[in-house]
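What follows is the content of target.txt, which has compact mmCIF, C-alpha atoms:
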```txt
# COMPACT_ATOMS: atom_id res chain seq x y z
CA MET A 687 -2.56 -13.58 -2.79
CA LYS A 688 -4.09 -10.95 -0.47
CA SER A 689 -1.21 -11.26 1.99
CA TYR A 690 1.30 -10.50 -0.76
CA LEU A 691 -0.69 -7.48 -1.90
CA LYS A 692 -0.62 -6.10 1.63
CA ILE A 693 3.16 -6.50 1.70
CA LEU A 694 3.57 -4.77 -1.67
CA GLN A 695 1.36 -1.85 -0.70
CA LYS A 696 3.89 -0.85 1.97
CA GLU A 697 6.48 -0.05 -0.72
CA PRO A 698 6.10 2.70 -3.33
CA ALA A 699 5.84 2.27 -7.07
CA PRO A 700 7.30 4.96 -9.35
CA SER A 701 5.66 8.27 -10.19
CA PRO A 702 3.69 9.51 -12.05
CA TYR A 703 1.26 6.73 -11.16
CA SER A 704 -0.15 8.50 -8.13
CA GLY A 705 -2.55 5.71 -7.28
CA VAL A 706 0.25 3.22 -6.72
CA LEU A 707 2.90 5.25 -4.94
CA SER A 708 2.13 3.56 -1.62
CA THR A 709 -0.50 3.54 1.09
CA ASP A 710 1.33 6.33 2.95
CA VAL A 711 -0.60 9.37 4.19
CA PHE A 712 1.20 12.72 3.91
CA GLU A 713 0.33 15.61 6.23
CA ILE A 714 1.66 19.07 7.04
CA ASP A 715 0.53 20.64 10.33
CA GLY A 716 -2.20 18.03 10.56
CA ASN A 717 -3.56 18.87 7.10
CA PRO A 718 -3.70 15.91 4.69
CA LEU A 719 -2.06 16.22 1.29
CA THR A 720 -3.21 14.56 -1.92
CA TRP A 721 -1.65 13.80 -5.30
CA LYS A 722 -2.74 15.34 -8.60
CA VAL A 723 -1.32 15.45 -12.12
CA TYR A 724 0.87 18.44 -12.87
CA TRP A 725 0.92 19.54 -16.51
CA LEU A 726 3.71 21.72 -17.87
CA ASP A 727 1.26 22.67 -20.59
CA PRO A 728 -2.19 22.46 -18.95
CA ALA A 729 -4.03 24.02 -21.90
CA ASN A 730 -3.03 21.18 -24.25
CA LYS A 731 -2.78 18.43 -21.60
CA GLN A 732 0.67 17.39 -22.80
CA ASP A 733 3.32 15.56 -20.81
CA SER A 734 1.58 13.95 -17.83
CA SER A 735 4.82 12.57 -16.39
CA ARG A 736 4.62 14.62 -13.17
CA ILE A 737 2.47 14.58 -10.08
CA MET A 738 2.11 17.21 -7.39
CA LEU A 739 1.37 16.99 -3.67
CA VAL A 740 -1.21 19.63 -2.71
CA ASP A 741 -3.26 20.57 0.36
CA ALA A 742 -7.00 21.27 0.60
CA ASP A 743 -6.43 24.82 -0.68
CA ASN A 744 -4.60 23.45 -3.74
CA THR A 745 -1.29 24.86 -2.45
CA PRO A 746 1.59 22.83 -3.98
CA TRP A 747 4.26 21.39 -1.68
CA LEU A 748 6.15 18.82 -3.75
CA ILE A 749 6.44 17.84 -7.42
CA LEU A 750 7.69 14.43 -8.53
CA ASN A 751 9.03 13.89 -12.01
CA TYR A 752 9.04 10.58 -13.85
CA GLY A 753 10.40 7.48 -12.08
CA CYS A 754 10.57 8.93 -8.58
CA TYR A 755 9.85 6.86 -5.46
CA ILE A 756 8.62 8.29 -2.17
CA LYS A 757 8.03 6.67 1.21
CA CYS A 758 7.11 7.83 4.72
CA ILE A 759 9.50 6.96 7.55
CA ASP A 760 8.21 7.41 11.12
CA ASN A 761 5.17 9.43 10.00
CA SER A 762 6.68 12.88 9.34
CA LYS A 763 9.96 11.87 7.69
CA VAL A 764 10.05 11.33 3.94
CA LEU A 765 12.46 9.21 1.94
CA LEU A 766 12.67 9.99 -1.75
CA TRP A 767 14.86 8.48 -4.46
CA TYR A 768 15.29 8.45 -8.23
CA TYR A 769 17.98 7.57 -10.76
CA SER A 770 19.83 9.40 -13.50
CA SER A 771 18.68 8.83 -17.06
CA GLU A 772 22.08 7.96 -18.55
CA PRO A 773 22.62 4.16 -18.27
CA GLU A 774 26.42 4.23 -18.56
CA THR A 775 26.68 6.49 -15.53
CA ARG A 776 23.57 5.26 -13.75
CA GLU A 777 23.46 6.74 -10.27
CA TYR A 778 20.75 6.86 -7.63
CA PHE A 779 19.95 10.04 -5.74
CA VAL A 780 18.48 9.77 -2.26
CA VAL A 781 16.81 12.61 -0.33
CA PHE A 782 15.62 12.44 3.29
CA PHE A 783 13.65 15.25 4.94
CA ASP A 784 10.86 16.17 7.32
CA LEU A 785 7.56 17.31 5.78
CA ALA A 786 7.63 20.28 8.17
CA ASP A 787 10.73 21.55 6.33
CA LEU A 788 8.82 22.00 3.07
CA SER A 789 7.75 25.47 1.94
CA PRO A 790 4.89 26.22 -0.49
CA ILE A 791 6.17 26.06 -4.04
CA ASN A 792 6.56 29.12 -6.25
CA MET A 793 4.98 27.67 -9.40
CA GLU A 794 6.56 30.19 -11.79
CA LYS A 795 10.00 29.22 -10.56
CA ALA A 796 9.11 25.51 -10.64
CA LEU A 797 7.92 25.73 -14.25
CA GLU A 798 11.15 27.41 -15.29
CA VAL A 799 13.31 24.79 -13.57
CA LEU A 800 11.32 21.79 -14.85
CA THR A 801 11.22 23.09 -18.41
CA GLU A 802 14.98 23.67 -18.41
CA ALA A 803 15.55 20.10 -17.20
CA ILE A 804 13.81 18.75 -20.31
CA LYS A 805 15.90 20.90 -22.64
CA SER A 806 19.11 19.41 -21.22
CA ASN A 807 18.11 15.78 -21.92
CA PRO A 808 19.99 13.91 -24.66
CA LYS A 809 17.95 14.03 -27.86
CA ASP A 810 18.56 10.34 -28.64
CA ASN A 811 17.01 9.36 -25.33
CA PRO A 812 13.55 7.86 -25.97
CA LEU A 813 12.44 9.70 -22.81
CA SER A 814 13.84 13.03 -23.97
CA THR A 815 10.61 14.83 -23.04
CA VAL A 816 10.79 13.49 -19.50
CA SER A 817 12.84 14.81 -16.61
CA TYR A 818 13.75 12.83 -13.51
CA GLY A 819 13.85 13.64 -9.83
CA TYR A 820 11.70 16.16 -7.99
CA TYR A 821 11.10 19.82 -7.27
CA ALA A 822 10.62 21.27 -3.78
CA GLU A 823 11.48 24.36 -1.76
CA PHE A 824 12.85 23.79 1.75
CA LYS A 825 13.12 25.81 4.94
CA ASN A 826 16.06 23.62 5.95
CA LYS A 827 18.39 21.76 3.63
CA PRO A 828 17.44 18.08 3.32
CA VAL A 829 19.84 15.19 3.82
CA SER A 830 20.90 14.00 0.38
CA PHE A 831 23.50 11.70 -1.13
CA THR A 832 24.33 9.78 -4.27
CA ILE A 833 24.69 6.03 -4.59
CA PRO A 834 27.74 5.57 -6.84
CA ASN A 835 27.31 3.84 -10.16
CA LYS A 836 28.66 0.34 -10.68
CA LEU A 837 28.93 -0.90 -7.11
CA SER A 838 29.93 -4.54 -6.93
CA GLN A 839 27.39 -7.27 -6.40
CA GLY A 840 27.21 -8.17 -2.72
CA LYS A 841 28.11 -5.93 0.22
CA ASN A 842 29.74 -2.54 -0.36
CA SER A 843 31.00 -0.29 2.44
CA HIS A 844 29.34 3.11 2.35
CA ILE A 845 29.44 6.10 4.69
CA PHE A 846 26.01 7.71 4.85
CA PRO A 847 25.67 11.42 5.63
CA GLU A 848 24.83 12.67 9.10
CA GLY A 849 21.09 12.69 9.63
CA PHE A 850 20.45 9.56 7.59
CA GLU A 851 19.89 7.15 10.45
CA ILE A 852 17.22 4.63 9.50
CA GLU A 853 17.09 1.37 11.44
CA GLU A 854 15.19 -0.60 8.83
CA ASP A 855 16.62 -1.69 5.49
CA VAL A 856 15.83 0.72 2.67
CA ILE A 857 15.00 -1.29 -0.45
CA ILE A 858 15.67 0.41 -3.77
CA HIS A 859 15.17 -1.41 -7.05
CA GLY A 860 15.89 -0.42 -10.60
CA TYR A 861 18.10 -0.87 -13.61
CA TYR A 862 21.54 -0.41 -12.17
CA ALA A 863 24.92 -0.37 -13.93
CA VAL A 864 26.31 -3.66 -12.64
CA LYS A 865 27.45 -6.69 -14.61
CA SER A 866 24.84 -9.43 -14.91
CA HIS A 867 25.42 -13.05 -15.86
CA ASP A 868 23.12 -12.86 -18.89
CA TYR A 869 23.25 -9.25 -19.95
CA GLY A 870 24.39 -9.31 -23.54
CA GLU A 871 23.79 -8.36 -27.14
CA HIS A 872 20.20 -9.55 -27.15
CA TYR A 873 19.31 -6.39 -25.19
CA TYR A 874 18.44 -3.93 -27.93
CA ASN A 875 17.46 -1.08 -25.59
CA PRO A 876 20.60 0.90 -24.66
CA TRP A 877 18.70 2.79 -21.94
CA ILE A 878 18.15 -0.19 -19.68
CA ASN A 879 20.63 -1.81 -17.27
CA PRO A 880 20.13 -5.16 -15.51
CA LEU A 881 17.45 -5.23 -12.82
CA CYS A 882 18.99 -4.98 -9.36
CA ILE A 883 17.94 -4.60 -5.74
CA LEU A 884 19.95 -2.14 -3.67
CA ILE A 885 19.65 -2.54 0.09
CA LEU A 886 20.73 0.51 2.10
CA ARG A 887 21.80 -0.27 5.67
CA SER A 888 22.86 2.94 7.37
CA ASN A 889 23.30 1.21 10.75
CA LYS A 890 25.84 -1.18 9.19
CA LYS A 891 27.38 1.45 6.87
CA GLU A 892 26.85 -0.70 3.80
CA ILE A 893 24.92 -1.02 0.56
CA LYS A 894 24.17 -4.51 -0.67
CA VAL A 895 23.62 -5.02 -4.40
CA VAL A 896 21.60 -8.02 -5.61
CA CYS A 897 21.36 -8.56 -9.36
CA VAL A 898 18.09 -10.35 -10.19
CA ASP A 899 19.63 -12.78 -12.67
CA TRP A 900 16.35 -14.56 -13.36
CA PHE A 901 14.82 -11.41 -14.82
CA ASN A 902 17.90 -10.28 -16.76
CA THR A 903 17.40 -12.69 -19.64
CA SER A 904 16.08 -12.54 -23.19
CA GLU A 905 12.78 -14.01 -21.93
CA TRP A 906 11.60 -10.54 -20.95
CA ASP A 907 10.88 -7.55 -23.16
CA LEU A 908 12.38 -4.70 -21.13
CA ASP A 909 10.64 -2.08 -23.26
CA TYR A 910 7.28 -3.64 -22.48
CA GLN A 911 7.68 -5.40 -19.13
CA TRP A 912 9.23 -3.90 -16.02
CA ILE A 913 9.27 -4.31 -12.26
CA THR A 914 7.17 -1.72 -10.43
CA ARG A 915 7.91 -2.50 -6.79
CA ILE A 916 9.70 -4.90 -4.49
CA ALA A 917 9.08 -5.60 -0.79
CA ARG A 918 10.41 -8.04 1.77
CA ASP A 919 8.05 -10.67 3.20
CA PRO A 920 8.44 -10.24 6.99
CA LYS A 921 7.75 -13.95 7.58
CA THR A 922 10.14 -15.54 5.09
CA GLN A 923 12.49 -12.56 4.55
CA LYS A 924 12.23 -13.28 0.82
CA PHE A 925 11.55 -10.52 -1.70
CA VAL A 926 8.10 -10.24 -3.25
CA ALA A 927 7.69 -8.20 -6.42
CA GLU A 928 5.14 -7.11 -8.97
CA GLY A 929 5.79 -6.16 -12.54
CA PHE A 930 3.92 -4.37 -15.28
CA ARG A 931 2.60 -7.00 -17.75
CA ILE A 932 4.29 -9.64 -15.59
CA GLY A 933 2.34 -10.31 -12.41
CA ILE A 934 3.39 -11.02 -8.83
CA PHE A 935 6.23 -13.34 -7.86
CA ARG A 936 8.53 -14.23 -4.99
CA LEU A 937 12.29 -14.50 -5.25
CA ASP A 938 14.43 -17.07 -3.47
CA LYS A 939 16.58 -16.29 -0.42
CA SER A 940 19.42 -15.02 -2.60
CA GLY A 941 17.12 -12.55 -4.36
CA LYS A 942 18.58 -13.62 -7.68
CA ASN A 943 16.18 -16.32 -8.80
CA LEU A 944 12.48 -17.06 -9.02
CA ASP A 945 11.10 -18.96 -6.04
CA LYS A 946 7.36 -18.88 -6.71
CA TRP A 947 4.77 -17.34 -8.99
CA ILE A 948 1.91 -15.73 -7.08
CA ILE A 949 0.11 -14.67 -10.24
CA ARG A 950 1.42 -14.58 -13.80
CA ASP A 951 -0.48 -12.29 -16.15
CA ASP A 952 0.68 -10.62 -19.38
CA PHE A 953 -2.00 -7.97 -18.83
CA TYR A 954 -1.19 -7.28 -15.17
CA PHE A 955 -1.54 -3.60 -14.33
CA TYR A 956 -1.26 -2.69 -10.66
CA PRO A 957 -4.01 -4.79 -9.03
CA SER A 958 -2.26 -4.10 -5.72
CA ILE A 959 -3.97 -0.70 -5.67
CA ASP A 960 -7.38 -2.36 -5.43
CA PRO A 961 -9.02 -2.36 -1.99
CA ILE A 962 -8.28 -5.51 -0.02
CA LYS A 963 -11.49 -6.96 1.39
```
What would the structure in this file look like if it were written as structure tokens?
Amino acid sequence: MKSYLKILQKEPAPSPYSGVLSTDVFEIDGNPLTWKVYWLDPANKQDSSRIMLVDADNTPWLILNYGCYIKCIDNSKVLLWYYSSEPETREYFVVFFDLADLSPINMEKALEVLTEAIKSNPKDNPLSTVSYGYYAEFKNKPVSFTIPNKLSQGKNSHIFPEGFEIEEDVIIHGYYAVKSHDYGEHYYNPWINPLCILILRSNKKEIKVVCVDWFNTSEWDLDYQWITRIARDPKTQKFVAEGFRIGIFRLDKSGKNLDKWIIRDDFYFYPSIDPIK
């Protein structure tokens, strides 16, 4: 089990769970940055769906909203992604930048922007008090692009913007708007799409979409159980995943079906953040 935990720790889990983002270390000018909860209303401790990256002087450099993933690439480069809240037009937004391009955040401006984002959310959305994405102020404009909604399963040609040259596969997972073999009326939550793995290959100019058919069934309660992170086992090239109130499992070579349970636990809650001895 320990070997699988080490693999999983290399991939981020979604914010605002700062302890499980990844094992990455963030630094600016040699100064380490740490995560802390950012409250829109600190006096009443309401809405803890954001975390903030700060330095030793408590200067803020980056704020992540709910459901945002962040990963270091080649030490100083940062890859960040999140998805839109509307399931029918589900898109993924990808941002790529150097930490040195960040400027200290003006918190008054940030508060105004983040508060306005909540007001614009659909009122029938169960996460109407939550905004997605991130807030940052840049010296230089970051590389950013959108992954279109409803790509086909399998390989899709995609032209990535200049500056997004990453040799390794970028693995994005989430509830994507693609047809699944068993996605039907038994899904009572209109805010959830089928679970998919999106593999970004800038060197091949393609995005591969894998719908995890095994998980997209009535066996799982998608309001209560969800996948937190997915990583590729470098030895077998199979995907390993962990899920909230699910456990740890390995998928088969296709990525669509269960290959092996590592641990199955209805009370599983991020044991991959525990120190590995």
Check: So, counting all atoms listed in the file, which residue among A:Leu750, A:Lys696, A:Asp919, A:Lys805 is closest to A:Tyr820?
Finding: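 Answer, going by the shortest atom-to-atom distance: A:Leu750.
Residue nearest A:Arg936, chosen from A:Gln695, A:Thr745, A:Ser734, A:Gln923 and counting all atoms listed in the file: A:Gln923.
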Note to self: Restricting the calculation to all atoms listed in the file: of A:Ile858, A:Ile934, A:Tyr818, A:Val781, which residue gets closest to A:Phe831?
What the structure shows: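 Result for the nearest residue to A:Phe831: A:Val781.
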Contacts between stretch 752-775 of chain A and stretch 821-864 of chain A, please, where a residue of stretch 821-864 of chain A counts if it comes within 10 Å (with only C-alpha atoms); show its shortest atom pair and distance in Å to one decimal, rows by chain and ascending number, as JSON lines.
```
{"residue": "A:Val829", "atom": "CA", "partner": "A:Leu765", "partner_atom": "CA", "distance": 9.7}
{"residue": "A:Ser830", "atom": "CA", "partner": "A:Leu766", "partner_atom": "CA", "distance": 9.4}
{"residue": "A:Phe831", "atom": "CA", "partner": "A:Trp767", "partner_atom": "CA", "distance": 9.8}
{"residue": "A:Thr832", "atom": "CA", "partner": "A:Tyr769", "partner_atom": "CA", "distance": 9.3}
{"residue": "A:Ile833", "atom": "CA", "partner": "A:Tyr769", "partner_atom": "CA", "distance": 9.2}
{"residue": "A:Pro834", "atom": "CA", "partner": "A:Thr775", "partner_atom": "CA", "distance": 8.8}
{"residue": "A:Asn835", "atom": "CA", "partner": "A:Thr775", "partner_atom": "CA", "distance": 6.0}
{"residue": "A:Lys836", "atom": "CA", "partner": "A:Thr775", "partner_atom": "CA", "distance": 8.1}
{"residue": "A:Phe850", "atom": "CA", "partner": "A:Leu765", "partner_atom": "CA", "distance": 9.8}
{"residue": "A:Ile852", "atom": "CA", "partner": "A:Ile759", "partner_atom": "CA", "distance": 8.3}
{"residue": "A:Glu854", "atom": "CA", "partner": "A:Ile759", "partner_atom": "CA", "distance": 9.5}
{"residue": "A:Val856", "atom": "CA", "partner": "A:Leu765", "partner_atom": "CA", "distance": 9.2}
{"residue": "A:Ile858", "atom": "CA", "partner": "A:Trp767", "partner_atom": "CA", "distance": 8.1}
{"residue": "A:His859", "atom": "CA", "partner": "A:Tyr768", "partner_atom": "CA", "distance": 9.9}
{"residue": "A:Gly860", "atom": "CA", "partner": "A:Tyr769", "partner_atom": "CA", "distance": 8.3}
{"residue": "A:Tyr861", "atom": "CA", "partner": "A:Pro773", "partner_atom": "CA", "distance": 8.2}
{"residue": "A:Tyr862", "atom": "CA", "partner": "A:Pro773", "partner_atom": "CA", "distance": 7.7}
{"residue": "A:Ala863", "atom": "CA", "partner": "A:Pro773", "partner_atom": "CA", "distance": 6.7}
{"residue": "A:Val864", "atom": "CA", "partner": "A:Glu774", "partner_atom": "CA", "distance": 9.9}
```
Mind dumping the selected residues with C-alpha atoms as a compact mmCIF listing (two decimals), keeping the file's coordinate frame?
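And here is the file that came out, result.txt:
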```txt
# COMPACT_ATOMS: atom_id res chain seq x y z
CA VAL A 829 19.84 15.19 3.82
CA SER A 830 20.90 14.00 0.38
CA PHE A 831 23.50 11.70 -1.13
CA THR A 832 24.33 9.78 -4.27
CA ILE A 833 24.69 6.03 -4.59
CA PRO A 834 27.74 5.57 -6.84
CA ASN A 835 27.31 3.84 -10.16
CA LYS A 836 28.66 0.34 -10.68
CA PHE A 850 20.45 9.56 7.59
CA ILE A 852 17.22 4.63 9.50
CA GLU A 854 15.19 -0.60 8.83
CA VAL A 856 15.83 0.72 2.67
CA ILE A 858 15.67 0.41 -3.77
CA HIS A 859 15.17 -1.41 -7.05
CA GLY A 860 15.89 -0.42 -10.60
CA TYR A 861 18.10 -0.87 -13.61
CA TYR A 862 21.54 -0.41 -12.17
CA ALA A 863 24.92 -0.37 -13.93
CA VAL A 864 26.31 -3.66 -12.64
```
Check: Smallest atom-to-atom distance to A:Leu748: which of A:Asn792, A:Ser817, A:Ser735, A:Ser940, using all atoms listed in the file?
Finding: A:Asn792
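Put simply, atom CA of A:Glu853 is 10.1 Å away from atom CA of A:Leu886.
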Next item on the list: Have a look at A:Leu691, A:Leu881, A:Val780, A:Val723 and name the one nearest to A:Val896; count only C-alpha atoms.
Entry: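 Smallest separation from A:Val896 among the options: A:Leu881.
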Next item on the list: Excluding A:Lys841 and any residue of its chain fewer than 3 positions from it, enumerate the residues within 8 Å of it, using only C-alpha atoms, and give them as a PyMOL selection string.
Entry: chain A and resi 838+892-895
Next item on the list: For each of A:Ile737, A:Glu798, A:Ile693, A:Ala699, take the minimum atom-to-atom distance to A:Thr922, counting only C-alpha atoms, then give the residue where this is smallest.
Entry: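 Between A:Ile737, A:Glu798, A:Ile693, A:Ala699, the residue approaching A:Thr922 most closely is A:Ile693.
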Contacts of A:Phe930 at 9 Å (all atoms listed in the file; same-chain gap of 4+ positions) as an mmCIF file with C-alpha atoms, keeping the file's coordinate frame:
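result.cif, freshly written:
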```
data_model
loop_
_atom_site.group_PDB
_atom_site.id
_atom_site.type_symbol
_atom_site.label_atom_id
_atom_site.label_comp_id
_atom_site.auth_asym_id
_atom_site.auth_seq_id
_atom_site.Cartn_x
_atom_site.Cartn_y
_atom_site.Cartn_z
ATOM 1 C CA TYR A 910 7.280 -3.640 -22.480
ATOM 2 C CA GLN A 911 7.680 -5.400 -19.130
ATOM 3 C CA TRP A 912 9.230 -3.900 -16.020
ATOM 4 C CA ILE A 913 9.270 -4.310 -12.260
ATOM 5 C CA THR A 914 7.170 -1.720 -10.430
ATOM 6 C CA ASP A 952 0.680 -10.620 -19.380
ATOM 7 C CA PHE A 953 -2.000 -7.970 -18.830
ATOM 8 C CA TYR A 954 -1.190 -7.280 -15.170
ATOM 9 C CA PHE A 955 -1.540 -3.600 -14.330
ATOM 10 C CA TYR A 956 -1.260 -2.690 -10.660
#
```
Check: Skipping near chain neighbours, those fewer than 6 positions away, what residues fall within 12 Å of A:Ile749 using only C-alpha atoms, listed as number ranges by chain?
Finding: A: 701-702, 704, 720-726, 735-740, 755-756, 766, 788, 790-793, 796-797, 799-800, 817-823
Notebook entry, point to check: In Å to one decimal, how far is atom CA of A:Trp900 from atom CA of A:Asn943?
Noted result: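 One can read the atom CA of A:Asn943 to atom CA of A:Trp900 distance as 4.9 Å.
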Item checked: Between atom CA of A:Ile857 and atom CA of A:Arg915, distance in Å (one decimal) ->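 Interatomic distance here is 9.6 Å.
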Check: Using only C-alpha atoms, which residues sit within 8 Å of A:Pro828 once same-chain residues fewer than 5 positions away are excluded, as a ChimeraX atom specification?
Finding: /A:781-784
